[in-house]
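**Student:** Provided herewith is a single structure, encoded as structure tokens, for subsequent inquiry.
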Amino acid sequence: MYRSDNFKKKETMSQAFYHSCLGKIIILTVFTIVLLLVAMITKPSKKTMIAETTDGILECIENNDSIKGDKIDDYMSNLAHVFTTADTTKINKDLLAGLKKYNRMDIHTHTFFRTAYIHNNLHPQGVRVAWGAFGLVFPTVTYSDLLLYIGKMHGDFNKANIRRGNIDNFDLGKNPYIKEFHYKGDPEN
């Protein structure tokens, strides 16, 4: 005997709630609240932030000792630094001394995470070098964020600035033809 497809099984109350738009919004909201509560409870301590951020900075110095990478290299190596530790025997002792002398680290506590900032003469307002959530510390440090040494600008008092290399007087060529859509200066008032 042939059965018609018009027969439908009735949905239970929980199935109707799950399939409705309001039900999906409520489930997403509850999931987000639980995730934020877990983030609030598991944010790393200040001691952990300092230790892991210092390790990330040392690994950044170790990686950039011979080859300076671009931004993508920095992001990928920072991702790897979450799971590795620095080999401090390979790092130049002068760079470590400069790191301790010219840089200061601050840890900022937020509701759901913590951030670490480095302050130095290059970045007096501070630059974020790590953030921590869910018990992990994620470094975001680049080699240009750090001040590792300070060189002399000039010799003794009343002496000229120190210049390295030769400055030749060579012809740079003629200026290009300036068309009317190029910059013509500021309008006069």
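By order in the structure tokens, chains are A, B, ...; within a chain, residues start at 1; ligands start at 1, following the order shown.
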How would you write, as a PyMOL selection string, the set of residues in stretch 63-138 of chain A that DSSP gives as alpha helix (DSSP H)?

**Tutor:** chain A and resi 63+71-81+93-102

**Student:** Do you know which residues are at most 7 Å from stretch 105-115 of chain A counting only C-alpha atoms, after dropping those on the same chain fewer than 3 positions away, and could you put them as a list in words?

**Tutor:**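 Close residues of stretch 105-115 of chain A: Leu36, Ala39, Met40, Lys43, Lys46, Ile118, His119, Arg128, Ala130, Trp131, Gly132 and Ala133 of chain A.
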
**Student:** Keeping only C-alpha atoms, take the residues you just selected and write them out as a compact mmCIF listing (two decimals), in the first residue's frame.

**Tutor:**
# COMPACT_ATOMS: atom_id res chain seq x y z
CA LEU A 36 33.23 35.37 28.24
CA ALA A 39 37.77 34.03 29.55
CA MET A 40 37.30 36.11 32.71
CA LYS A 43 42.96 35.07 32.09
CA LYS A 46 50.44 39.15 35.99
CA ILE A 118 56.72 48.00 26.33
CA HIS A 119 57.72 51.60 27.02
CA ARG A 128 51.45 46.32 22.91
CA ALA A 130 51.43 40.57 24.10
CA TRP A 131 47.89 39.78 25.16
CA GLY A 132 46.66 36.94 27.31
CA ALA A 133 43.34 35.10 27.50

**Student:** If you count only C-alpha atoms, which residues fall within 8 Å of stretch 76-83 of chain A, apart from same-chain ones fewer than 5 positions away, as a list of chain:residue names?

**Tutor:**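 What passes the distance filter is A:Gly56, A:Glu59, A:Cys60, A:Leu136, A:Val137, A:Phe138, A:Pro139, A:Thr140, A:Val141.
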
**Student:** Just list the residues in stretch 35-126 of chain A DSSP gives strand (DSSP E) on the backbone, as a PDB file with N, CA, C and O atoms, in the first residue's frame.

**Tutor:**
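Once written, part26.pdb looks like this:
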ATOM      1  N   ARG A 104      60.845  49.170  29.467  1.00  0.00           N
ATOM      2  CA  ARG A 104      60.069  48.919  30.676  1.00  0.00           C
ATOM      3  C   ARG A 104      58.754  48.263  30.273  1.00  0.00           C
ATOM      4  O   ARG A 104      58.083  48.714  29.341  1.00  0.00           O
ATOM      5  N   MET A 105      58.363  47.207  30.971  1.00  0.00           N
ATOM      6  CA  MET A 105      57.140  46.486  30.641  1.00  0.00           C
ATOM      7  C   MET A 105      56.043  46.805  31.655  1.00  0.00           C
ATOM      8  O   MET A 105      56.294  46.816  32.855  1.00  0.00           O
ATOM      9  N   ASP A 106      54.835  47.065  31.151  1.00  0.00           N
ATOM     10  CA  ASP A 106      53.659  47.273  31.987  1.00  0.00           C
ATOM     11  C   ASP A 106      52.606  46.246  31.608  1.00  0.00           C
ATOM     12  O   ASP A 106      52.428  45.940  30.434  1.00  0.00           O
ATOM     13  N   ILE A 107      51.888  45.747  32.617  1.00  0.00           N
ATOM     14  CA  ILE A 107      50.795  44.808  32.394  1.00  0.00           C
ATOM     15  C   ILE A 107      49.492  45.531  32.714  1.00  0.00           C
ATOM     16  O   ILE A 107      49.348  46.094  33.795  1.00  0.00           O
ATOM     17  N   HIS A 108      48.563  45.534  31.771  1.00  0.00           N
ATOM     18  CA  HIS A 108      47.255  46.155  31.958  1.00  0.00           C
ATOM     19  C   HIS A 108      46.199  45.064  32.077  1.00  0.00           C
ATOM     20  O   HIS A 108      46.154  44.139  31.260  1.00  0.00           O
ATOM     21  N   THR A 109      45.350  45.183  33.087  1.00  0.00           N
ATOM     22  CA  THR A 109      44.301  44.203  33.314  1.00  0.00           C
ATOM     23  C   THR A 109      42.982  44.724  32.762  1.00  0.00           C
ATOM     24  O   THR A 109      42.565  45.838  33.072  1.00  0.00           O
ATOM     25  N   ARG A 114      44.347  40.241  29.595  1.00  0.00           N
ATOM     26  CA  ARG A 114      45.418  41.148  30.037  1.00  0.00           C
ATOM     27  C   ARG A 114      46.286  41.491  28.831  1.00  0.00           C
ATOM     28  O   ARG A 114      46.403  40.700  27.896  1.00  0.00           O
ATOM     29  N   THR A 115      46.896  42.665  28.856  1.00  0.00           N
ATOM     30  CA  THR A 115      47.807  43.076  27.796  1.00  0.00           C
ATOM     31  C   THR A 115      49.132  43.508  28.417  1.00  0.00           C
ATOM     32  O   THR A 115      49.173  43.980  29.549  1.00  0.00           O
ATOM     33  N   ALA A 116      50.203  43.342  27.644  1.00  0.00           N
ATOM     34  CA  ALA A 116      51.539  43.762  28.071  1.00  0.00           C
ATOM     35  C   ALA A 116      52.025  44.840  27.105  1.00  0.00           C
ATOM     36  O   ALA A 116      51.901  44.683  25.891  1.00  0.00           O
ATOM     37  N   TYR A 117      52.566  45.917  27.645  1.00  0.00           N
ATOM     38  CA  TYR A 117      53.076  47.034  26.850  1.00  0.00           C
ATOM     39  C   TYR A 117      54.541  47.253  27.183  1.00  0.00           C
ATOM     40  O   TYR A 117      54.955  47.121  28.338  1.00  0.00           O
ATOM     41  N   ILE A 118      55.317  47.623  26.164  1.00  0.00           N
ATOM     42  CA  ILE A 118      56.724  48.003  26.333  1.00  0.00           C
ATOM     43  C   ILE A 118      56.817  49.516  26.153  1.00  0.00           C
ATOM     44  O   ILE A 118      56.299  50.070  25.180  1.00  0.00           O
ATOM     45  N   HIS A 119      57.473  50.166  27.096  1.00  0.00           N
ATOM     46  CA  HIS A 119      57.725  51.604  27.024  1.00  0.00           C
ATOM     47  C   HIS A 119      59.230  51.814  26.882  1.00  0.00           C
ATOM     48  O   HIS A 119      60.018  51.222  27.613  1.00  0.00           O
TER      49      HIS A 119
END

**Student:** Excluding A:Leu96 and any residue of its chain fewer than 2 positions from it, enumerate the residues within 12 Å of it, using only C-alpha atoms, and give them as a ChimeraX atom specification.

**Tutor:** /A:54-55,57-62,88-94,98-103,146-149

**Student:** Which value, in Å to one decimal, gives the distance between atom CA of A:Lys47 and atom CA of A:Gly135?

**Tutor:** 12.1 Å

**Student:** Give me, please, the distance in Å between atom CA of A:Ala51 and atom CA of A:Asp87, quoted to one decimal.

**Tutor:** 14.1 Å

**Student:** Go through A:Lys71, A:Val38, A:Glu52, A:Tyr18 and flag the residue nearest A:Thr85, using only C-alpha atoms for the distances.

**Tutor:**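 Nearest candidate to A:Thr85 out of A:Lys71, A:Val38, A:Glu52, A:Tyr18: A:Glu52.
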